[in-house]
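Engineer: So that you have it, the file is structure21.pdb, and it contains PDB, C-alpha atoms, pLDDT in the B column:
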```pdb
ATOM      1  CA  MET S  21      15.742  -9.527 -57.235  1.00 96.00           C
ATOM      2  CA  PRO S  22      19.507  -9.016 -56.811  1.00 96.00           C
ATOM      3  CA  VAL S  23      20.809  -9.916 -53.347  1.00 96.00           C
ATOM      4  CA  HIS S  24      24.112  -9.728 -51.526  1.00 95.00           C
ATOM      5  CA  ASP S  25      24.398 -10.969 -47.928  1.00 95.00           C
ATOM      6  CA  GLU S  26      20.630 -10.885 -47.368  1.00 95.00           C
ATOM      7  CA  ALA S  27      20.192 -14.334 -45.788  1.00 95.00           C
ATOM      8  CA  ASP S  28      17.855 -13.017 -43.098  1.00 94.00           C
ATOM      9  CA  ASN S  29      15.525 -11.313 -45.589  1.00 95.00           C
ATOM     10  CA  ILE S  30      15.146 -13.912 -48.366  1.00 96.00           C
ATOM     11  CA  GLU S  31      12.487 -16.216 -46.921  1.00 96.00           C
ATOM     12  CA  LEU S  32      10.175 -13.447 -45.731  1.00 96.00           C
ATOM     13  CA  LEU S  33      10.393 -11.670 -49.098  1.00 97.00           C
ATOM     14  CA  LEU S  34       9.577 -14.858 -50.979  1.00 97.00           C
ATOM     15  CA  ASP S  35       6.592 -15.429 -48.693  1.00 97.00           C
ATOM     16  CA  GLU S  36       5.382 -11.889 -49.364  1.00 97.00           C
ATOM     17  CA  ILE S  37       5.888 -12.118 -53.130  1.00 97.00           C
ATOM     18  CA  HIS S  38       3.897 -15.341 -53.336  1.00 97.00           C
ATOM     19  CA  ALA S  39       1.162 -13.952 -51.091  1.00 96.00           C
ATOM     20  CA  ALA S  40       0.863 -10.889 -53.325  1.00 96.00           C
ATOM     21  CA  LEU S  41       0.898 -12.643 -56.695  1.00 96.00           C
ATOM     22  CA  THR S  42      -0.326 -16.236 -56.435  1.00 91.00           C
ATOM     23  CA  ASP S  43      -3.973 -15.293 -57.042  1.00 89.00           C
ATOM     24  CA  GLU S  44      -3.117 -12.470 -59.468  1.00 81.00           C
ATOM     25  CA  THR S  45      -1.073 -13.830 -62.341  1.00 87.00           C
ATOM     26  CA  THR S  46       1.403 -16.429 -63.564  1.00 93.00           C
ATOM     27  CA  PHE S  47       4.899 -15.507 -62.430  1.00 96.00           C
ATOM     28  CA  GLU S  48       8.439 -16.660 -61.705  1.00 97.00           C
ATOM     29  CA  VAL S  49      10.812 -15.299 -59.080  1.00 98.00           C
ATOM     30  CA  ILE S  50      14.435 -14.948 -60.159  1.00 98.00           C
ATOM     31  CA  VAL S  51      16.908 -14.193 -57.384  1.00 98.00           C
ATOM     32  CA  VAL S  52      20.529 -13.523 -58.311  1.00 98.00           C
ATOM     33  CA  ASP S  53      22.962 -13.967 -55.441  1.00 97.00           C
ATOM     34  CA  ASP S  54      25.832 -11.583 -56.145  1.00 97.00           C
ATOM     35  CA  ALA S  55      28.620 -13.629 -54.494  1.00 96.00           C
ATOM     36  CA  SER S  56      27.255 -13.424 -50.966  1.00 96.00           C
ATOM     37  CA  THR S  57      29.607 -14.368 -48.140  1.00 95.00           C
ATOM     38  CA  ASP S  58      26.872 -15.195 -45.621  1.00 95.00           C
ATOM     39  CA  GLU S  59      24.244 -17.966 -45.627  1.00 96.00           C
ATOM     40  CA  THR S  60      22.350 -16.535 -48.624  1.00 96.00           C
ATOM     41  CA  PRO S  61      23.298 -19.269 -51.166  1.00 96.00           C
ATOM     42  CA  ARG S  62      22.452 -22.064 -48.730  1.00 96.00           C
ATOM     43  CA  ARG S  63      19.151 -20.429 -47.794  1.00 96.00           C
ATOM     44  CA  LEU S  64      18.239 -20.111 -51.469  1.00 97.00           C
ATOM     45  CA  ALA S  65      19.084 -23.766 -52.126  1.00 96.00           C
ATOM     46  CA  ALA S  66      16.836 -24.832 -49.252  1.00 96.00           C
ATOM     47  CA  LEU S  67      14.004 -22.491 -50.269  1.00 97.00           C
ATOM     48  CA  ALA S  68      14.016 -23.706 -53.891  1.00 93.00           C
ATOM     49  CA  ALA S  69      12.319 -26.909 -52.736  1.00 92.00           C
ATOM     50  CA  ARG S  70       9.566 -24.944 -50.980  1.00 94.00           C
ATOM     51  CA  PHE S  71       8.970 -22.399 -53.746  1.00 96.00           C
ATOM     52  CA  PRO S  72       8.707 -24.098 -57.182  1.00 94.00           C
ATOM     53  CA  ARG S  73       8.488 -20.693 -58.891  1.00 95.00           C
ATOM     54  CA  LEU S  74      11.890 -19.696 -57.499  1.00 97.00           C
ATOM     55  CA  ARG S  75      14.905 -19.716 -59.830  1.00 97.00           C
ATOM     56  CA  ALA S  76      18.096 -18.968 -57.937  1.00 97.00           C
ATOM     57  CA  LEU S  77      21.265 -17.961 -59.793  1.00 97.00           C
ATOM     58  CA  ARG S  78      24.657 -17.049 -58.362  1.00 97.00           C
ATOM     59  CA  HIS S  79      27.613 -14.906 -59.421  1.00 97.00           C
ATOM     60  CA  ARG S  80      30.957 -16.466 -58.513  1.00 96.00           C
ATOM     61  CA  THR S  81      32.438 -12.990 -57.990  1.00 97.00           C
ATOM     62  CA  ASN S  82      30.736  -9.810 -56.869  1.00 96.00           C
ATOM     63  CA  ALA S  83      29.585  -7.829 -59.915  1.00 95.00           C
ATOM     64  CA  GLY S  84      27.234  -5.234 -58.427  1.00 93.00           C
ATOM     65  CA  GLN S  85      23.508  -4.600 -58.367  1.00 93.00           C
ATOM     66  CA  SER S  86      23.082  -3.596 -62.015  1.00 95.00           C
ATOM     67  CA  THR S  87      24.863  -6.687 -63.303  1.00 96.00           C
ATOM     68  CA  ALA S  88      22.886  -8.961 -60.977  1.00 96.00           C
ATOM     69  CA  MET S  89      19.676  -7.345 -62.213  1.00 97.00           C
ATOM     70  CA  ALA S  90      20.781  -7.802 -65.826  1.00 97.00           C
ATOM     71  CA  THR S  91      21.573 -11.469 -65.177  1.00 97.00           C
ATOM     72  CA  ALA S  92      18.060 -12.010 -63.803  1.00 97.00           C
ATOM     73  CA  ILE S  93      16.334 -10.195 -66.670  1.00 97.00           C
ATOM     74  CA  ARG S  94      18.305 -12.064 -69.327  1.00 97.00           C
ATOM     75  CA  ALA S  95      17.299 -15.333 -67.651  1.00 97.00           C
ATOM     76  CA  ALA S  96      13.627 -14.344 -67.399  1.00 97.00           C
ATOM     77  CA  THR S  97      11.052 -16.059 -69.605  1.00 95.00           C
ATOM     78  CA  ALA S  98       8.112 -13.682 -69.076  1.00 94.00           C
ATOM     79  CA  PRO S  99       7.591 -10.524 -71.171  1.00 96.00           C
ATOM     80  CA  LEU S 100       7.017  -8.288 -68.122  1.00 97.00           C
ATOM     81  CA  VAL S 101       9.599  -7.721 -65.387  1.00 98.00           C
ATOM     82  CA  VAL S 102       9.180  -6.347 -61.875  1.00 98.00           C
ATOM     83  CA  THR S 103      12.369  -5.537 -59.983  1.00 97.00           C
ATOM     84  CA  LEU S 104      12.698  -5.044 -56.250  1.00 96.00           C
ATOM     85  CA  ASP S 105      15.533  -4.803 -53.748  1.00 94.00           C
ATOM     86  CA  GLY S 106      16.465  -7.725 -51.531  1.00 93.00           C
ATOM     87  CA  ASP S 107      16.721  -5.754 -48.286  1.00 92.00           C
ATOM     88  CA  GLY S 108      13.014  -5.950 -47.460  1.00 92.00           C
ATOM     89  CA  GLN S 109      12.364  -2.221 -47.766  1.00 93.00           C
ATOM     90  CA  ASN S 110      10.228  -2.586 -50.906  1.00 96.00           C
ATOM     91  CA  ASP S 111       6.801  -4.064 -50.175  1.00 96.00           C
ATOM     92  CA  PRO S 112       5.801  -6.866 -52.600  1.00 97.00           C
ATOM     93  CA  ALA S 113       2.163  -6.058 -51.812  1.00 97.00           C
ATOM     94  CA  ASP S 114       2.579  -3.044 -54.130  1.00 97.00           C
ATOM     95  CA  ILE S 115       3.199  -5.258 -57.178  1.00 97.00           C
ATOM     96  CA  PRO S 116      -0.478  -5.960 -58.027  1.00 96.00           C
ATOM     97  CA  ALA S 117      -1.175  -2.205 -58.064  1.00 95.00           C
ATOM     98  CA  LEU S 118       1.751  -1.734 -60.454  1.00 96.00           C
ATOM     99  CA  LEU S 119       0.331  -4.421 -62.733  1.00 96.00           C
ATOM    100  CA  GLY S 120      -3.055  -2.713 -62.667  1.00 95.00           C
ATOM    101  CA  ARG S 121      -1.461   0.625 -63.487  1.00 96.00           C
ATOM    102  CA  TRP S 122       0.427  -1.017 -66.355  1.00 96.00           C
ATOM    103  CA  ALA S 123      -2.831  -2.186 -67.907  1.00 92.00           C
ATOM    104  CA  SER S 124      -4.212   1.366 -67.817  1.00 92.00           C
ATOM    105  CA  GLU S 125      -1.047   3.158 -68.958  1.00 93.00           C
ATOM    106  CA  ARG S 126       0.198   0.819 -71.688  1.00 87.00           C
ATOM    107  CA  ALA S 127      -0.792   1.895 -75.186  1.00 75.00           C
ATOM    108  CA  GLY S 128       0.820   1.419 -78.574  1.00 74.00           C
ATOM    109  CA  GLN S 129       4.437   0.514 -79.135  1.00 80.00           C
ATOM    110  CA  GLN S 130       6.062   3.246 -77.037  1.00 90.00           C
ATOM    111  CA  PRO S 131       8.320   1.772 -74.308  1.00 95.00           C
ATOM    112  CA  LEU S 132       6.939   2.294 -70.808  1.00 97.00           C
ATOM    113  CA  LEU S 133       8.583   2.269 -67.384  1.00 97.00           C
ATOM    114  CA  LEU S 134       6.596   2.371 -64.149  1.00 98.00           C
ATOM    115  CA  ALA S 135       8.938   3.685 -61.459  1.00 97.00           C
ATOM    116  CA  GLY S 136       8.158   3.252 -57.779  1.00 96.00           C
ATOM    117  CA  TRP S 137       8.037   6.500 -55.827  1.00 95.00           C
ATOM    118  CA  ARG S 138       8.769   6.183 -52.104  1.00 92.00           C
ATOM    119  CA  THR S 139       6.680   9.123 -50.931  1.00 90.00           C
ATOM    120  CA  GLU S 140       7.408   8.389 -47.260  1.00 86.00           C
ATOM    121  CA  ARG S 141      11.008   7.250 -46.875  1.00 80.00           C
ATOM    122  CA  ARG S 142      11.823   5.058 -43.888  1.00 74.00           C
ATOM    123  CA  ASP S 143      15.569   5.730 -43.850  1.00 70.00           C
ATOM    124  CA  THR S 144      17.957   7.775 -41.730  1.00 70.00           C
ATOM    125  CA  TRP S 145      17.903  11.531 -42.214  1.00 66.00           C
ATOM    126  CA  LEU S 146      21.321  11.381 -43.895  1.00 72.00           C
ATOM    127  CA  ARG S 147      20.170   8.876 -46.511  1.00 70.00           C
ATOM    128  CA  ARG S 148      16.985  10.844 -47.124  1.00 69.00           C
ATOM    129  CA  LEU S 149      18.979  14.047 -47.575  1.00 70.00           C
ATOM    130  CA  SER S 150      21.545  12.469 -49.899  1.00 68.00           C
ATOM    131  CA  SER S 151      18.777  10.919 -52.020  1.00 71.00           C
ATOM    132  CA  ARG S 152      16.919  14.219 -52.222  1.00 73.00           C
ATOM    133  CA  VAL S 153      20.037  16.022 -53.387  1.00 72.00           C
ATOM    134  CA  ALA S 154      20.952  13.258 -55.853  1.00 71.00           C
ATOM    135  CA  ASN S 155      17.460  13.170 -57.351  1.00 69.00           C
ATOM    136  CA  ALA S 156      17.415  16.959 -57.718  1.00 73.00           C
ATOM    137  CA  VAL S 157      20.807  17.066 -59.456  1.00 73.00           C
ATOM    138  CA  ARG S 158      20.017  14.082 -61.676  1.00 74.00           C
ATOM    139  CA  GLY S 159      16.618  15.455 -62.602  1.00 68.00           C
ATOM    140  CA  HIS S 160      18.043  18.870 -63.478  1.00 72.00           C
ATOM    141  CA  LEU S 161      20.859  17.527 -65.662  1.00 77.00           C
ATOM    142  CA  LEU S 162      19.036  14.622 -67.294  1.00 82.00           C
ATOM    143  CA  GLY S 163      15.472  15.901 -67.338  1.00 77.00           C
ATOM    144  CA  ASP S 164      14.187  12.456 -66.377  1.00 85.00           C
ATOM    145  CA  ARG S 165      11.127  13.928 -64.601  1.00 79.00           C
ATOM    146  CA  THR S 166      11.322  11.179 -61.973  1.00 88.00           C
ATOM    147  CA  PRO S 167      11.177  12.124 -58.263  1.00 90.00           C
ATOM    148  CA  ASP S 168      12.693   8.850 -57.015  1.00 90.00           C
ATOM    149  CA  THR S 169      15.006   7.062 -59.441  1.00 89.00           C
ATOM    150  CA  GLY S 170      16.593   5.042 -56.619  1.00 87.00           C
ATOM    151  CA  CYS S 171      13.487   3.011 -55.758  1.00 92.00           C
ATOM    152  CA  GLY S 172      14.127  -0.651 -56.563  1.00 94.00           C
ATOM    153  CA  LEU S 173      10.478  -1.369 -57.347  1.00 97.00           C
ATOM    154  CA  LYS S 174       9.963  -0.925 -61.103  1.00 98.00           C
ATOM    155  CA  LEU S 175       7.900  -2.513 -63.880  1.00 98.00           C
ATOM    156  CA  PHE S 176       8.832  -2.662 -67.560  1.00 98.00           C
ATOM    157  CA  GLU S 177       8.995  -4.992 -70.523  1.00 97.00           C
ATOM    158  CA  ARG S 178      11.946  -7.345 -70.698  1.00 97.00           C
ATOM    159  CA  ALA S 179      12.533  -6.311 -74.321  1.00 97.00           C
ATOM    160  CA  THR S 180      12.792  -2.664 -73.258  1.00 97.00           C
ATOM    161  CA  PHE S 181      15.573  -3.417 -70.790  1.00 97.00           C
ATOM    162  CA  LEU S 182      17.489  -5.566 -73.262  1.00 97.00           C
ATOM    163  CA  ALA S 183      17.427  -2.685 -75.772  1.00 96.00           C
ATOM    164  CA  LEU S 184      19.109  -0.291 -73.300  1.00 96.00           C
ATOM    165  CA  PRO S 185      22.886   0.328 -73.245  1.00 94.00           C
ATOM    166  CA  TYR S 186      24.342  -1.768 -70.431  1.00 93.00           C
ATOM    167  CA  PHE S 187      26.898  -0.402 -67.948  1.00 91.00           C
ATOM    168  CA  ASP S 188      27.657  -0.816 -64.263  1.00 89.00           C
ATOM    169  CA  HIS S 189      25.288   1.172 -62.023  1.00 89.00           C
ATOM    170  CA  MET S 190      22.797   1.582 -64.880  1.00 92.00           C
ATOM    171  CA  HIS S 191      19.911   0.702 -62.542  1.00 91.00           C
ATOM    172  CA  ARG S 192      20.091   4.235 -61.119  1.00 89.00           C
ATOM    173  CA  PHE S 193      19.435   5.766 -64.529  1.00 93.00           C
ATOM    174  CA  LEU S 194      16.666   3.573 -65.960  1.00 95.00           C
ATOM    175  CA  PRO S 195      14.142   6.454 -66.313  1.00 94.00           C
ATOM    176  CA  ALA S 196      16.618   8.600 -68.266  1.00 93.00           C
ATOM    177  CA  LEU S 197      17.636   5.651 -70.440  1.00 95.00           C
ATOM    178  CA  VAL S 198      14.015   4.758 -71.255  1.00 96.00           C
ATOM    179  CA  LEU S 199      13.269   8.389 -72.142  1.00 94.00           C
ATOM    180  CA  ARG S 200      16.397   8.375 -74.318  1.00 93.00           C
ATOM    181  CA  MET S 201      14.897   5.600 -76.458  1.00 93.00           C
ATOM    182  CA  GLY S 202      11.664   7.538 -76.928  1.00 92.00           C
ATOM    183  CA  GLY S 203       9.787   5.875 -74.087  1.00 94.00           C
ATOM    184  CA  ARG S 204       7.579   7.135 -71.299  1.00 94.00           C
ATOM    185  CA  VAL S 205       8.114   7.051 -67.524  1.00 95.00           C
ATOM    186  CA  VAL S 206       5.294   7.117 -64.966  1.00 96.00           C
ATOM    187  CA  SER S 207       6.070   7.439 -61.243  1.00 96.00           C
ATOM    188  CA  VAL S 208       3.741   5.426 -59.002  1.00 96.00           C
ATOM    189  CA  PRO S 209       3.588   5.981 -55.210  1.00 96.00           C
ATOM    190  CA  VAL S 210       4.645   2.850 -53.287  1.00 96.00           C
ATOM    191  CA  ARG S 211       5.275   1.978 -49.673  1.00 93.00           C
ATOM    192  CA  HIS S 212       8.718   2.011 -48.097  1.00 90.00           C
ATOM    193  CA  ARG S 213       9.747   0.063 -45.027  1.00 91.00           C
ATOM    194  CA  PRO S 214      12.669   0.383 -42.621  1.00 84.00           C
ATOM    195  CA  ARG S 215      15.482  -2.143 -42.939  1.00 81.00           C
ATOM    196  CA  LEU S 216      14.976  -4.584 -40.066  1.00 77.00           C
ATOM    197  CA  ARG S 217      17.636  -7.185 -40.850  1.00 72.00           C
ATOM    198  CA  GLY S 218      21.126  -7.052 -42.355  1.00 61.00           C
ATOM    199  CA  ARG S 219      23.005  -3.899 -43.267  1.00 67.00           C
ATOM    200  CA  SER S 220      23.108  -1.576 -46.239  1.00 62.00           C
ATOM    201  CA  HIS S 221      25.968  -1.956 -48.710  1.00 59.00           C
ATOM    202  CA  TYR S 222      25.661   1.632 -49.906  1.00 54.00           C
ATOM    203  CA  GLY S 223      26.883   4.778 -48.226  1.00 51.00           C
ATOM    204  CA  VAL S 224      26.762   8.438 -49.127  1.00 52.00           C
ATOM    205  CA  LEU S 225      30.353   8.548 -50.378  1.00 53.00           C
ATOM    206  CA  ASN S 226      30.313   5.418 -52.562  1.00 50.00           C
ATOM    207  CA  ARG S 227      27.003   6.530 -54.096  1.00 55.00           C
ATOM    208  CA  LEU S 228      28.340  10.015 -54.791  1.00 54.00           C
ATOM    209  CA  GLY S 229      31.677   8.993 -56.328  1.00 53.00           C
ATOM    210  CA  VAL S 230      30.395   6.622 -58.984  1.00 56.00           C
ATOM    211  CA  GLY S 231      27.192   8.616 -59.403  1.00 71.00           C
ATOM    212  CA  LEU S 232      28.950  11.708 -60.711  1.00 75.00           C
ATOM    213  CA  VAL S 233      30.987   9.762 -63.261  1.00 76.00           C
ATOM    214  CA  ASP S 234      27.952   7.791 -64.436  1.00 84.00           C
ATOM    215  CA  LEU S 235      25.876  10.959 -64.627  1.00 84.00           C
ATOM    216  CA  LEU S 236      28.324  12.451 -67.117  1.00 82.00           C
ATOM    217  CA  GLY S 237      28.205   9.240 -69.144  1.00 84.00           C
ATOM    218  CA  VAL S 238      24.410   9.212 -69.300  1.00 84.00           C
ATOM    219  CA  MET S 239      24.391  12.887 -70.283  1.00 83.00           C
ATOM    220  CA  TRP S 240      26.656  11.963 -73.204  1.00 83.00           C
ATOM    221  CA  LEU S 241      24.426   9.040 -74.172  1.00 85.00           C
ATOM    222  CA  ARG S 242      21.368  11.286 -74.198  1.00 83.00           C
ATOM    223  CA  ARG S 243      23.062  13.895 -76.363  1.00 82.00           C
ATOM    224  CA  ARG S 244      24.076  11.249 -78.887  1.00 82.00           C
ATOM    225  CA  ALA S 245      20.660   9.574 -79.061  1.00 80.00           C
ATOM    226  CA  LYS S 246      18.541   9.738 -82.213  1.00 79.00           C
ATOM    227  CA  VAL S 247      14.905   8.627 -82.037  1.00 78.00           C
ATOM    228  CA  PRO S 248      13.504   8.564 -85.582  1.00 78.00           C
ATOM    229  CA  VAL S 249       9.839   8.240 -86.454  1.00 76.00           C
ATOM    230  CA  VAL S 250       9.669   5.117 -88.604  1.00 80.00           C
ATOM    231  CA  GLU S 251       7.015   4.750 -91.282  1.00 83.00           C
ATOM    232  CA  ALA S 252       6.384   1.857 -93.614  1.00 85.00           C
ATOM    233  CA  VAL S 253       6.867   2.478 -97.327  1.00 90.00           C
ATOM    234  CA  GLU S 254       3.895   1.108 -99.219  1.00 87.00           C
ATOM    235  CA  PRO S 255       4.470  -0.228-102.741  1.00 89.00           C
ATOM    236  CA  GLU S 256       2.899   1.790-105.521  1.00 83.00           C
ATOM    237  CA  GLN S 257      -0.121   0.255-107.210  1.00 76.00           C
ATOM    238  CA  GLU S 258       0.077  -0.021-110.958  1.00 67.00           C
ATOM    239  CA  VAL S 259      -2.499   1.960-112.907  1.00 59.00           C
ATOM    240  CA  ARG S 260      -3.826  -0.097-115.789  1.00 58.00           C
ATOM    241  CA  ASP S 261      -5.867   1.186-118.704  1.00 59.00           C
ATOM    242  CA  ALA S 262      -9.288  -0.280-118.930  1.00 55.00           C
TER     243      ALA S 262
END
```
The structure given in the file should be rewritten as structure tokens.

Structural biologist:
Amino acid sequence: MPVHDEADNIELLLDEIHAALTDETTFEVIVVDDASTDETPRRLAALAARFPRLRALRHRTNAGQSTAMATAIRAATAPLVVTLDGDGQNDPADIPALLGRWASERAGQQPLLLAGWRTERRDTWLRRLSSRVANAVRGHLLGDRTPDTGCGLKLFERATFLALPYFDHMHRFLPALVLRMGGRVVSVPVRHRPRLRGRSHYGVLNRLGVGLVDLLGVMWLRRRAKVPVVEAVEPEQEVRDA
């Protein structure tokens, strides 16, 4: 979970994550504080004593959501990773359903990404409109077949993420990048909640500006991708005369 100036959301989210998962599976919670200027680092230090599963890391300088997510995933010790935003709009109670869906969808060696799909957005009309337009343009140009690439709630293997090309803002293009490596993406309906505390760090303009440049870059990456079918070469058996 990457966070930046989310001091008022951290404790409640940790409570909800533990309530959702404690009886389900073994887990760790990695929170990366991306150089917050509020009380976030001090709250995390205090909460670490209450939540033994919590591992809190901090960037000295602000590096952005994708880099904070990458820092957390590189530090993770488990083979499966669930990501979620730190603003409280993703509901941790959806994680067990994602894990159950993973068990039914996972087969073979093909990489798999379960992408949360916020079917009922609890945002302002302007954010809903900008997301709808962005998803339509991205889907048309990249063919990622994902109705909601911006949802922070996702499930995938740690090894899959580490095999992807890293760049700033890559978190917005995870479905296209997984498809690029020959993987499969399944969209799973999840809940979405209004932001009750703190403020958003994204606006329409700063999403649009970097999004267009990154979109061109991902289009180039997809065109240059080669996904071979690899087969083992078996040694020939010698034929001996009787």

Engineer: On this file, the PyMOL selection byres ((chain S and resi 65) around 12) gives some set of residues; write that set as a list in words.

Structural biologist: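 Selection result, ordered by chain and number: Ala27, Ile30, Glu31, Val51, Asp53, Glu59, Thr60, Pro61, Arg62, Arg63, Leu64, Ala66, Leu67, Ala68, Ala69, Arg70, Phe71, Pro72, Leu74, Arg75, Ala76, Leu77 and Arg78 of chain S.
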
Engineer: Excluding range 102-107 of chain S and its own-chain neighbours fewer than 5 positions away, which residues fall within 6 Å of it when counting all atoms listed in the file? Please give them as a ChimeraX atom specification.

Structural biologist: /S:21,23,172-175

Engineer: Run the PyMOL selection byres ((chain S and resi 188-191) around 9) against the file shown and list the residues it catches, as an mmCIF file with C-alpha atoms, in the frame of the given file.

Structural biologist:
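So the final result, stored in expr21.cif, reads:
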```cif
data_model
loop_
_atom_site.group_PDB
_atom_site.id
_atom_site.type_symbol
_atom_site.label_atom_id
_atom_site.label_comp_id
_atom_site.auth_asym_id
_atom_site.auth_seq_id
_atom_site.Cartn_x
_atom_site.Cartn_y
_atom_site.Cartn_z
ATOM 1 C CA ALA S 83 29.585 -7.829 -59.915
ATOM 2 C CA GLY S 84 27.234 -5.234 -58.427
ATOM 3 C CA GLN S 85 23.508 -4.600 -58.367
ATOM 4 C CA SER S 86 23.082 -3.596 -62.015
ATOM 5 C CA THR S 87 24.863 -6.687 -63.303
ATOM 6 C CA MET S 89 19.676 -7.345 -62.213
ATOM 7 C CA THR S 169 15.006 7.062 -59.441
ATOM 8 C CA GLY S 170 16.593 5.042 -56.619
ATOM 9 C CA GLY S 172 14.127 -0.651 -56.563
ATOM 10 C CA PRO S 185 22.886 0.328 -73.245
ATOM 11 C CA TYR S 186 24.342 -1.768 -70.431
ATOM 12 C CA PHE S 187 26.898 -0.402 -67.948
ATOM 13 C CA ARG S 192 20.091 4.235 -61.119
ATOM 14 C CA PHE S 193 19.435 5.766 -64.529
ATOM 15 C CA LEU S 194 16.666 3.573 -65.960
ATOM 16 C CA PRO S 195 14.142 6.454 -66.313
ATOM 17 C CA LEU S 197 17.636 5.651 -70.440
ATOM 18 C CA VAL S 230 30.395 6.622 -58.984
ATOM 19 C CA GLY S 231 27.192 8.616 -59.403
ATOM 20 C CA ASP S 234 27.952 7.791 -64.436
ATOM 21 C CA VAL S 238 24.410 9.212 -69.300
#
```

Engineer: With 12 Å as the cut-off and all atoms listed in the file counted, what is the closest atom pair between each nearby residue of range 163-248 of chain S and range 132-140 of chain S? Distances in Å to one decimal, ordered by chain and number, as a tab-separated table.

Structural biologist:
```
residue	atom	partner	partner_atom	distance
S:Asp164	CA	S:Ala135	CA	11.3
S:Arg165	CA	S:Ala135	CA	10.9
S:Thr166	CA	S:Ala135	CA	7.9
S:Pro167	CA	S:Trp137	CA	6.9
S:Asp168	CA	S:Trp137	CA	5.3
S:Thr169	CA	S:Ala135	CA	7.2
S:Gly170	CA	S:Gly136	CA	8.7
S:Cys171	CA	S:Gly136	CA	5.7
S:Gly172	CA	S:Gly136	CA	7.2
S:Leu173	CA	S:Gly136	CA	5.2
S:Lys174	CA	S:Ala135	CA	4.7
S:Leu175	CA	S:Leu134	CA	5.1
S:Phe176	CA	S:Leu133	CA	4.9
S:Glu177	CA	S:Leu132	CA	7.6
S:Arg178	CA	S:Leu133	CA	10.7
S:Ala179	CA	S:Leu132	CA	10.8
S:Thr180	CA	S:Leu132	CA	8.1
S:Phe181	CA	S:Leu133	CA	9.6
S:His191	CA	S:Ala135	CA	11.4
S:Arg192	CA	S:Ala135	CA	11.2
S:Phe193	CA	S:Ala135	CA	11.1
S:Leu194	CA	S:Leu133	CA	8.3
S:Pro195	CA	S:Leu133	CA	7.0
S:Ala196	CA	S:Leu133	CA	10.3
S:Leu197	CA	S:Leu133	CA	10.1
S:Val198	CA	S:Leu133	CA	7.1
S:Leu199	CA	S:Leu132	CA	8.9
S:Arg200	CA	S:Leu132	CA	11.8
S:Met201	CA	S:Leu132	CA	10.3
S:Gly202	CA	S:Leu132	CA	9.3
S:Gly203	CA	S:Leu132	CA	5.6
S:Arg204	CA	S:Leu132	CA	4.9
S:Val205	CA	S:Leu133	CA	4.8
S:Val206	CA	S:Leu134	CA	5.0
S:Ser207	CA	S:Ala135	CA	4.7
S:Val208	CA	S:Gly136	CA	5.1
S:Pro209	CA	S:Trp137	CA	4.5
S:Val210	CA	S:Arg138	CA	5.4
S:Arg211	CA	S:Arg138	CA	6.0
S:His212	CA	S:Arg138	CA	5.8
S:Arg213	CA	S:Glu140	CA	8.9
S:Pro214	CA	S:Glu140	CA	10.6
```

Engineer: Could you tell me which residues the PyMOL selection byres ((chain S and resi 115) around 9) grabs in this file, written as a list in words?

Structural biologist: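 With the shown file as input, the PyMOL selection byres ((chain S and resi 115) around 9) matches Ile37, Ala40, Leu41, Val102, Asp111, Pro112, Ala113, Asp114, Pro116, Ala117, Leu118, Leu119, Gly120, Leu173, Lys174 and Leu175 of chain S.
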
Engineer: Go ahead and save the residues from that selection, with C-alpha atoms, as an mmCIF file, in the coordinates of the input.

Structural biologist:
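Okay, this is what ended up in out-v5.cif:
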```
data_model
loop_
_atom_site.group_PDB
_atom_site.id
_atom_site.type_symbol
_atom_site.label_atom_id
_atom_site.label_comp_id
_atom_site.auth_asym_id
_atom_site.auth_seq_id
_atom_site.Cartn_x
_atom_site.Cartn_y
_atom_site.Cartn_z
ATOM 1 C CA ILE S 37 5.888 -12.118 -53.130
ATOM 2 C CA ALA S 40 0.863 -10.889 -53.325
ATOM 3 C CA LEU S 41 0.898 -12.643 -56.695
ATOM 4 C CA VAL S 102 9.180 -6.347 -61.875
ATOM 5 C CA ASP S 111 6.801 -4.064 -50.175
ATOM 6 C CA PRO S 112 5.801 -6.866 -52.600
ATOM 7 C CA ALA S 113 2.163 -6.058 -51.812
ATOM 8 C CA ASP S 114 2.579 -3.044 -54.130
ATOM 9 C CA PRO S 116 -0.478 -5.960 -58.027
ATOM 10 C CA ALA S 117 -1.175 -2.205 -58.064
ATOM 11 C CA LEU S 118 1.751 -1.734 -60.454
ATOM 12 C CA LEU S 119 0.331 -4.421 -62.733
ATOM 13 C CA GLY S 120 -3.055 -2.713 -62.667
ATOM 14 C CA LEU S 173 10.478 -1.369 -57.347
ATOM 15 C CA LYS S 174 9.963 -0.925 -61.103
ATOM 16 C CA LEU S 175 7.900 -2.513 -63.880
#
```

Engineer: Quick one: 4 Å padding each side, axis-aligned, all listed atoms of range 175-192 of chain S - centre and edge lengths in Å to one decimal, as JSON?

Structural biologist:
```
{"center_x": 17.8, "center_y": -1.6, "center_z": -68.4, "size_x": 27.8, "size_y": 19.6, "size_z": 22.7}
```

Engineer: CA of Glu48 in chain S and CA of Thr97 in chain S are how many Å apart?

Structural biologist: 8.3 Å

Engineer: Between CA of Asp25 in chain S and CA of Ser56 in chain S, what is the distance in Å, rounded to a tenth?

Structural biologist: 4.8 Å

Engineer: In file coordinates, which residues lie within 10 Å of (15.5, -9.9, -37.9) using only C-alpha atoms, given as a ChimeraX atom specification?

Structural biologist: /S:28-29,215-218

Engineer: Write out the residues from the selection above, keeping C-alpha atoms, as an mmCIF file, keeping the file's coordinate frame.

Structural biologist:
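Result file again13.cif:
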```cif
data_model
loop_
_atom_site.group_PDB
_atom_site.id
_atom_site.type_symbol
_atom_site.label_atom_id
_atom_site.label_comp_id
_atom_site.auth_asym_id
_atom_site.auth_seq_id
_atom_site.Cartn_x
_atom_site.Cartn_y
_atom_site.Cartn_z
ATOM 1 C CA ASP S 28 17.855 -13.017 -43.098
ATOM 2 C CA ASN S 29 15.525 -11.313 -45.589
ATOM 3 C CA ARG S 215 15.482 -2.143 -42.939
ATOM 4 C CA LEU S 216 14.976 -4.584 -40.066
ATOM 5 C CA ARG S 217 17.636 -7.185 -40.850
ATOM 6 C CA GLY S 218 21.126 -7.052 -42.355
#
```
